[in-house]
$ cat start.txt   # compact mmCIF, C-alpha atoms
# COMPACT_ATOMS: atom_id res chain seq x y z
CA MET A 1 0.00 0.00 0.00
CA LYS A 2 1.00 3.61 -0.48
CA LEU A 3 1.24 5.84 2.59
CA LEU A 4 1.31 9.63 2.39
CA TYR A 5 2.11 12.11 5.16
CA PHE A 6 1.39 15.84 5.20
CA ALA A 7 2.27 18.92 7.28
CA TRP A 8 3.72 18.14 10.73
CA VAL A 9 2.99 14.42 10.33
CA ARG A 10 5.45 14.46 7.42
CA GLN A 11 7.99 16.46 9.43
CA LYS A 12 7.85 14.14 12.44
CA ILE A 13 8.17 10.98 10.31
CA GLY A 14 10.82 12.54 8.07
CA LYS A 15 9.32 11.53 4.72
CA SER A 16 6.33 12.44 2.59
CA GLU A 17 5.49 8.96 1.32
CA GLU A 18 6.43 5.32 1.44
CA THR A 19 5.27 1.90 0.30
CA LEU A 20 4.31 -0.64 2.94
CA GLN A 21 3.27 -4.26 2.74
CA LEU A 22 0.11 -4.33 4.85
CA PRO A 23 0.87 -6.81 7.65
CA GLU A 24 -1.45 -9.82 8.12
CA GLY A 25 -4.36 -9.17 10.41
CA ILE A 26 -4.48 -5.37 9.93
CA SER A 27 -7.77 -4.37 8.36
CA THR A 28 -8.57 -0.87 9.66
CA ILE A 29 -6.83 2.52 9.65
CA ALA A 30 -6.74 2.44 13.47
CA ALA A 31 -4.91 -0.90 13.43
CA LEU A 32 -2.51 0.47 10.79
CA VAL A 33 -1.76 3.46 13.06
CA ASP A 34 -1.01 1.07 15.95
CA HIS A 35 1.43 -0.77 13.67
CA LEU A 36 3.08 2.44 12.37
CA ARG A 37 3.65 3.63 15.94
CA THR A 38 6.04 0.70 16.42
CA LEU A 39 8.27 1.70 13.48
CA GLY A 40 10.32 4.34 15.32
CA SER A 41 10.27 7.38 17.54
CA GLY A 42 9.26 9.74 14.70
CA TYR A 43 6.23 7.55 13.93
CA ALA A 44 5.39 7.20 17.61
CA ASP A 45 5.49 10.99 17.96
CA ALA A 46 3.45 11.66 14.79
CA PHE A 47 0.75 9.11 15.74
CA ALA A 48 0.73 9.79 19.50
CA ASP A 49 -2.69 11.43 19.58
CA PHE A 50 -5.60 10.28 17.39
CA LYS A 51 -7.50 13.47 18.16
CA ARG A 52 -4.90 15.58 16.35
CA LEU A 53 -4.89 13.32 13.29
CA ARG A 54 -7.06 12.89 10.23
CA ALA A 55 -6.90 10.22 7.54
CA ALA A 56 -7.94 9.68 3.95
CA ALA A 57 -8.36 6.42 2.04
CA ASN A 58 -7.89 6.65 -1.73
CA GLN A 59 -8.16 10.44 -1.59
CA VAL A 60 -11.45 10.53 0.34
CA HIS A 61 -11.71 11.58 4.02
CA ALA A 62 -11.97 8.42 6.14
CA GLY A 63 -12.65 7.55 9.76
CA PHE A 64 -10.15 5.49 11.74
CA ASP A 65 -12.59 2.56 11.70
CA ALA A 66 -12.50 2.44 7.86
CA THR A 67 -11.54 -0.93 6.34
CA ILE A 68 -8.34 -0.98 4.27
CA THR A 69 -6.55 -3.35 1.87
CA ASP A 70 -2.99 -3.60 0.55
CA THR A 71 -3.85 -1.77 -2.71
CA ASP A 72 -5.09 1.40 -0.94
CA GLU A 73 -3.51 4.85 -0.79
CA ILE A 74 -3.77 5.96 2.83
CA ALA A 75 -2.85 9.50 3.91
CA PHE A 76 -2.35 10.92 7.40
CA PHE A 77 -2.44 14.62 8.21
CA PRO A 78 -3.52 17.23 10.80
CA PRO A 79 -6.98 18.87 10.55
CA VAL A 80 -7.11 20.86 7.30
CA THR A 81 -7.09 24.66 7.02
CA GLY A 82 -7.84 26.06 3.59
CA GLY A 83 -8.70 29.57 2.42
CA MET B 1 -22.44 23.25 -15.18
CA LYS B 2 -18.95 24.41 -16.07
CA THR B 3 -16.47 23.65 -13.24
CA ARG B 4 -12.89 24.89 -13.08
CA ILE B 5 -10.72 23.89 -10.09
CA VAL B 6 -7.07 24.88 -10.02
CA ILE B 7 -4.35 24.68 -7.37
CA GLN B 8 -1.40 26.88 -8.32
CA HIS B 9 1.53 28.91 -7.02
CA GLU B 10 0.89 31.87 -9.31
CA PRO B 11 -1.52 34.73 -8.63
CA PHE B 12 -4.90 34.60 -10.37
CA ASP B 13 -6.64 37.20 -12.51
CA LEU B 14 -10.07 37.91 -11.02
CA GLY B 15 -11.26 39.83 -14.10
CA ARG B 16 -10.29 37.06 -16.46
CA GLU B 17 -11.93 34.38 -14.30
CA VAL B 18 -15.20 36.36 -14.12
CA GLY B 19 -15.03 36.91 -17.88
CA ASP B 20 -14.62 33.19 -18.47
CA LEU B 21 -17.78 32.44 -16.43
CA SER B 22 -19.86 34.98 -18.34
CA ARG B 23 -22.04 33.43 -21.05
CA GLU B 24 -25.62 33.13 -22.26
CA GLY B 25 -28.07 32.73 -19.39
CA VAL B 26 -25.73 34.04 -16.69
CA GLY B 27 -27.34 36.89 -14.80
CA ALA B 28 -25.19 36.86 -11.67
CA ILE B 29 -21.58 36.06 -10.82
CA ALA B 30 -20.69 36.11 -7.09
CA THR B 31 -17.00 36.09 -6.24
CA PHE B 32 -15.08 35.73 -3.00
CA THR B 33 -11.37 36.50 -2.80
CA GLY B 34 -9.46 35.54 0.35
CA HIS B 35 -6.25 37.40 1.19
CA VAL B 36 -3.42 36.66 3.60
CA ARG B 37 -4.35 38.86 6.57
CA ALA B 38 -1.53 41.23 7.43
CA GLU B 39 -0.82 40.78 11.14
CA GLU B 40 1.87 42.21 13.40
CA GLY B 41 5.13 40.36 12.77
CA LEU B 42 3.74 38.01 10.10
CA GLU B 43 6.37 37.47 7.39
CA ALA B 44 4.79 34.77 5.28
CA LEU B 45 2.12 32.09 5.03
CA ILE B 46 3.34 28.79 3.60
CA LEU B 47 0.73 26.43 2.18
CA GLU B 48 0.91 22.81 1.13
CA HIS B 49 -1.82 20.47 -0.10
CA TYR B 50 -2.59 16.90 -1.12
CA PRO B 51 -2.37 16.94 -4.93
CA GLY B 52 -5.24 14.97 -6.39
CA MET B 53 -7.35 14.76 -3.27
CA THR B 54 -7.67 18.55 -2.96
CA GLU B 55 -9.11 18.88 -6.46
CA ARG B 56 -11.42 15.86 -5.95
CA GLU B 57 -12.68 17.20 -2.63
CA ILE B 58 -13.46 20.66 -4.03
CA ALA B 59 -15.13 19.06 -7.09
CA ARG B 60 -17.33 17.01 -4.76
CA HIS B 61 -18.49 20.17 -2.99
CA ALA B 62 -19.06 21.95 -6.32
CA GLU B 63 -21.35 19.05 -7.34
CA GLU B 64 -23.15 19.30 -4.01
CA ALA B 65 -23.60 23.07 -4.59
CA ALA B 66 -25.05 22.36 -8.04
CA ARG B 67 -27.59 20.00 -6.46
CA ARG B 68 -28.64 22.60 -3.89
CA TRP B 69 -28.78 25.65 -6.14
CA THR B 70 -29.30 26.32 -9.85
CA LEU B 71 -25.80 27.11 -11.09
CA LEU B 72 -24.19 27.67 -14.49
CA GLY B 73 -20.53 27.71 -13.53
CA VAL B 74 -18.10 27.34 -10.61
CA THR B 75 -14.45 28.38 -10.48
CA VAL B 76 -12.23 27.71 -7.46
CA ILE B 77 -8.56 28.71 -7.56
CA HIS B 78 -6.40 28.14 -4.48
CA ARG B 79 -2.78 29.16 -4.21
CA VAL B 80 -0.05 27.13 -2.47
CA GLY B 81 3.58 27.82 -1.65
CA GLU B 82 4.89 30.92 0.10
CA LEU B 83 2.55 33.92 0.23
CA LYS B 84 3.10 37.37 1.72
CA PRO B 85 0.69 39.42 3.87
CA GLY B 86 -1.93 40.98 1.61
CA ASP B 87 -1.49 38.42 -1.18
CA PRO B 88 -4.66 36.90 -2.67
CA ILE B 89 -4.84 33.25 -1.62
CA VAL B 90 -8.19 31.86 -2.79
CA LEU B 91 -10.87 32.69 -5.35
CA VAL B 92 -14.38 31.22 -5.40
CA ALA B 93 -16.59 32.43 -8.25
CA VAL B 94 -20.11 31.17 -8.95
CA ALA B 95 -22.23 31.94 -12.00
CA ALA B 96 -26.00 31.55 -11.99
CA ALA B 97 -29.08 32.97 -13.65
CA HIS B 98 -30.02 34.77 -10.42
CA ARG B 99 -28.05 36.36 -7.59
CA GLY B 100 -29.65 34.36 -4.75
CA ASP B 101 -28.19 31.11 -6.04
CA ALA B 102 -24.80 32.71 -6.83
CA PHE B 103 -24.43 34.35 -3.38
CA ALA B 104 -25.48 31.26 -1.42
CA ALA B 105 -23.39 28.77 -3.41
CA CYS B 106 -20.32 31.02 -3.23
CA GLU B 107 -20.50 31.20 0.57
CA PHE B 108 -21.23 27.45 0.85
CA LEU B 109 -18.24 26.57 -1.33
CA MET B 110 -15.88 28.86 0.55
CA ASP B 111 -16.95 27.30 3.88
CA GLN B 112 -16.29 23.81 2.47
CA VAL B 113 -12.89 24.83 1.04
CA LYS B 114 -11.94 26.17 4.46
CA THR B 115 -12.94 23.07 6.44
CA GLN B 116 -12.76 20.09 4.03
CA ALA B 117 -10.19 20.76 1.30
CA THR B 118 -6.76 19.27 2.07
CA PHE B 119 -4.62 22.35 2.68
CA TRP B 120 -2.23 23.02 5.56
CA LYS B 121 -0.74 26.35 6.53
CA GLN B 122 2.34 27.52 8.35
CA GLN B 123 2.93 31.05 9.56
CA ARG B 124 6.45 32.45 9.59
CA ARG B 125 7.30 35.07 12.23
CA GLY B 126 10.83 36.13 13.11
CA GLY B 127 12.20 33.33 10.95
CA GLU B 128 10.26 30.64 12.90
CA THR B 129 7.43 28.64 11.36
CA VAL B 130 4.33 27.41 13.21
CA TRP B 131 1.54 25.16 11.88
CA LEU B 132 -1.93 26.67 12.00
CA GLY B 133 -5.03 24.77 13.13
CA LEU B 134 -8.62 25.22 12.01
CA LYS B 135 -10.54 27.81 14.03
CA PRO B 136 -13.72 26.55 15.76
CA ALA B 137 -15.55 29.48 14.12
CA ASP B 138 -14.74 28.04 10.67
CA ASP B 139 -16.21 24.66 11.63
CA LYS B 140 -19.30 26.44 12.92
CA ARG B 141 -19.75 28.31 9.64
CA ALA B 142 -19.50 25.03 7.69
CA GLU B 143 -21.95 23.30 10.08
CA ARG B 144 -24.69 25.75 9.06
CA TRP B 145 -25.05 24.00 5.69
CA LYS B 146 -25.77 20.55 7.12
$ encode --input "start.txt" --output "structure tokens"
Amino acid sequence: MKLLYFAWVRQKIGKSEETLQLPEGISTIAALVDHLRTLGSGYADAFADFKRLRAAANQVHAGFDATITDTDEIAFFPPVTGG
Amino acid sequence: MKTRIVIQHEPFDLGREVGDLSREGVGAIATFTGHVRAEEGLEALILEHYPGMTEREIARHAEEAARRWTLLGVTVIHRVGELKPGDPIVLVAVAAAHRGDAFAACEFLMDQVKTQATFWKQQRRGGETVWLGLKPADDKRAERWK
């Protein structure tokens, strides 16, 4: 799957995108976040607080309970501020 | 309905965009232009976005606007990159046969761009950058349309 990070999520993780093989048994964005947290201190910091995070699945806003598969593009970012 | 959605670094030309929306049947074109508010000590506003999703998200709200009001054209142009205080940052222009539809859809679209479109902003003051969050007042404005 393709993972994208924006704004301070990108800064904390240190990259804007990466490809990840979705581990067995992970089927929701929340479970993916739990997995990503284990990948290093930058990830742990970026994903420390669900309330400060938003997600999108295949370029559509998604809740953390959304179901995901290995072919998805999943993005993580802070609440948006346009205009 | 004619829809034009553009994310760009360059400034936009309000007159040209209004001209492009003008055609047979159009009796009203409402436009909103957002500018970087000049504040004490503010050096720059730096914007990034999610290419692809931003355009899709705005297009979705333009379709929703066209279901709610009778519209003939929608143009949304949003700038990204580094902007200075006073710079124009966003343009929403809506063409309709009548002004009621144009005014309402223009305000609706701007509220959705503010709260749903995938942009993020940093302010630079004294050489230091800080990420900006969404103001509760913006969420409240967007809630009115639900």
$ residues_near_point --input "start.txt" --point "(-13.8, 29.3, -11.3)" --cutoff "10 Å" --atoms "only C-alpha atoms" --output "ChimeraX atom specification"
/B:2-6,14,16-18,20-21,31,73-77,91-95
$ residues_around --input "start.txt" --residues "A:Thr28" --least-positions-apart "3" --cutoff "10 Å" --atoms "only C-alpha atoms" --output "PyMOL selection string"
chain A and resi 25+31-33+63-69
$ write_last_selection --input "start.txt" --atoms "C-alpha atoms" --output "PDB file, in the coordinates of the input"
ATOM      1  CA  GLY A  25      -4.360  -9.170  10.410  1.00  0.00           C
ATOM      2  CA  ALA A  31      -4.910  -0.900  13.430  1.00  0.00           C
ATOM      3  CA  LEU A  32      -2.510   0.470  10.790  1.00  0.00           C
ATOM      4  CA  VAL A  33      -1.760   3.460  13.060  1.00  0.00           C
ATOM      5  CA  GLY A  63     -12.650   7.550   9.760  1.00  0.00           C
ATOM      6  CA  PHE A  64     -10.150   5.490  11.740  1.00  0.00           C
ATOM      7  CA  ASP A  65     -12.590   2.560  11.700  1.00  0.00           C
ATOM      8  CA  ALA A  66     -12.500   2.440   7.860  1.00  0.00           C
ATOM      9  CA  THR A  67     -11.540  -0.930   6.340  1.00  0.00           C
ATOM     10  CA  ILE A  68      -8.340  -0.980   4.270  1.00  0.00           C
ATOM     11  CA  THR A  69      -6.550  -3.350   1.870  1.00  0.00           C
TER      12      THR A  69
END
$ residues_near_point --input "start.txt" --point "(-3.2, 26.9, 6.1)" --cutoff "10 Å" --atoms "all atoms listed in the file" --output "list in words"
Ala7, Pro79, Val80, Thr81, Gly82 and Gly83 of chain A; Leu45, Ile46, Leu47, Glu48, His49, Val80, Lys114, Thr118, Phe119, Trp120, Lys121, Gln122, Gln123, Trp131, Leu132, Gly133 and Leu134 of chain B
$ write_last_selection --input "start.txt" --atoms "C-alpha atoms" --output "PDB file, keeping the file's coordinate frame"
ATOM      1  CA  ALA A   7       2.270  18.920   7.280  1.00  0.00           C
ATOM      2  CA  PRO A  79      -6.980  18.870  10.550  1.00  0.00           C
ATOM      3  CA  VAL A  80      -7.110  20.860   7.300  1.00  0.00           C
ATOM      4  CA  THR A  81      -7.090  24.660   7.020  1.00  0.00           C
ATOM      5  CA  GLY A  82      -7.840  26.060   3.590  1.00  0.00           C
ATOM      6  CA  GLY A  83      -8.700  29.570   2.420  1.00  0.00           C
TER       7      GLY A  83
ATOM      8  CA  LEU B  45       2.120  32.090   5.030  1.00  0.00           C
ATOM      9  CA  ILE B  46       3.340  28.790   3.600  1.00  0.00           C
ATOM     10  CA  LEU B  47       0.730  26.430   2.180  1.00  0.00           C
ATOM     11  CA  GLU B  48       0.910  22.810   1.130  1.00  0.00           C
ATOM     12  CA  HIS B  49      -1.820  20.470  -0.100  1.00  0.00           C
ATOM     13  CA  VAL B  80      -0.050  27.130  -2.470  1.00  0.00           C
ATOM     14  CA  LYS B 114     -11.940  26.170   4.460  1.00  0.00           C
ATOM     15  CA  THR B 118      -6.760  19.270   2.070  1.00  0.00           C
ATOM     16  CA  PHE B 119      -4.620  22.350   2.680  1.00  0.00           C
ATOM     17  CA  TRP B 120      -2.230  23.020   5.560  1.00  0.00           C
ATOM     18  CA  LYS B 121      -0.740  26.350   6.530  1.00  0.00           C
ATOM     19  CA  GLN B 122       2.340  27.520   8.350  1.00  0.00           C
ATOM     20  CA  GLN B 123       2.930  31.050   9.560  1.00  0.00           C
ATOM     21  CA  TRP B 131       1.540  25.160  11.880  1.00  0.00           C
ATOM     22  CA  LEU B 132      -1.930  26.670  12.000  1.00  0.00           C
ATOM     23  CA  GLY B 133      -5.030  24.770  13.130  1.00  0.00           C
ATOM     24  CA  LEU B 134      -8.620  25.220  12.010  1.00  0.00           C
TER      25      LEU B 134
END
$ atom_distance --input "start.txt" --atom1 "atom CA of B:Ala30" --atom2 "atom CA of B:Arg67"
17.5 Å
$ closest_residue --input "start.txt" --among "A:Leu3, A:Asp70, A:Trp8, A:Ala30" --to "chain B" --atoms "only C-alpha atoms"
A:Trp8
$ residues_around --input "start.txt" --residues "A:Pro78" --least-positions-apart "6" --cutoff "6 Å" --atoms "only C-alpha atoms" --output "list of chain:residue names"
A:Arg52, A:Leu53, A:Arg54
$ atom_distance --input "start.txt" --atom1 "atom CA of B:Ala28" --atom2 "atom CA of B:Gln112"
21.2 Å
$ residues_around --input "start.txt" --residues "A:Ala48" --least-positions-apart "5" --cutoff "12 Å" --atoms "only C-alpha atoms" --output "VMD selection string"
chain A and resid 9 12 to 13 33 to 34 36 to 38 40 to 43 53
$ closest_residue --input "start.txt" --among "B:Gly126, B:Ala38, B:Gly100, B:Glu107" --to "B:Trp69" --atoms "all atoms listed in the file"
B:Gly100
$ closest_residue --input "start.txt" --among "A:Ala44, A:Ala75, A:Leu39, A:Leu20" --to "A:Ala57" --atoms "only C-alpha atoms"
A:Ala75
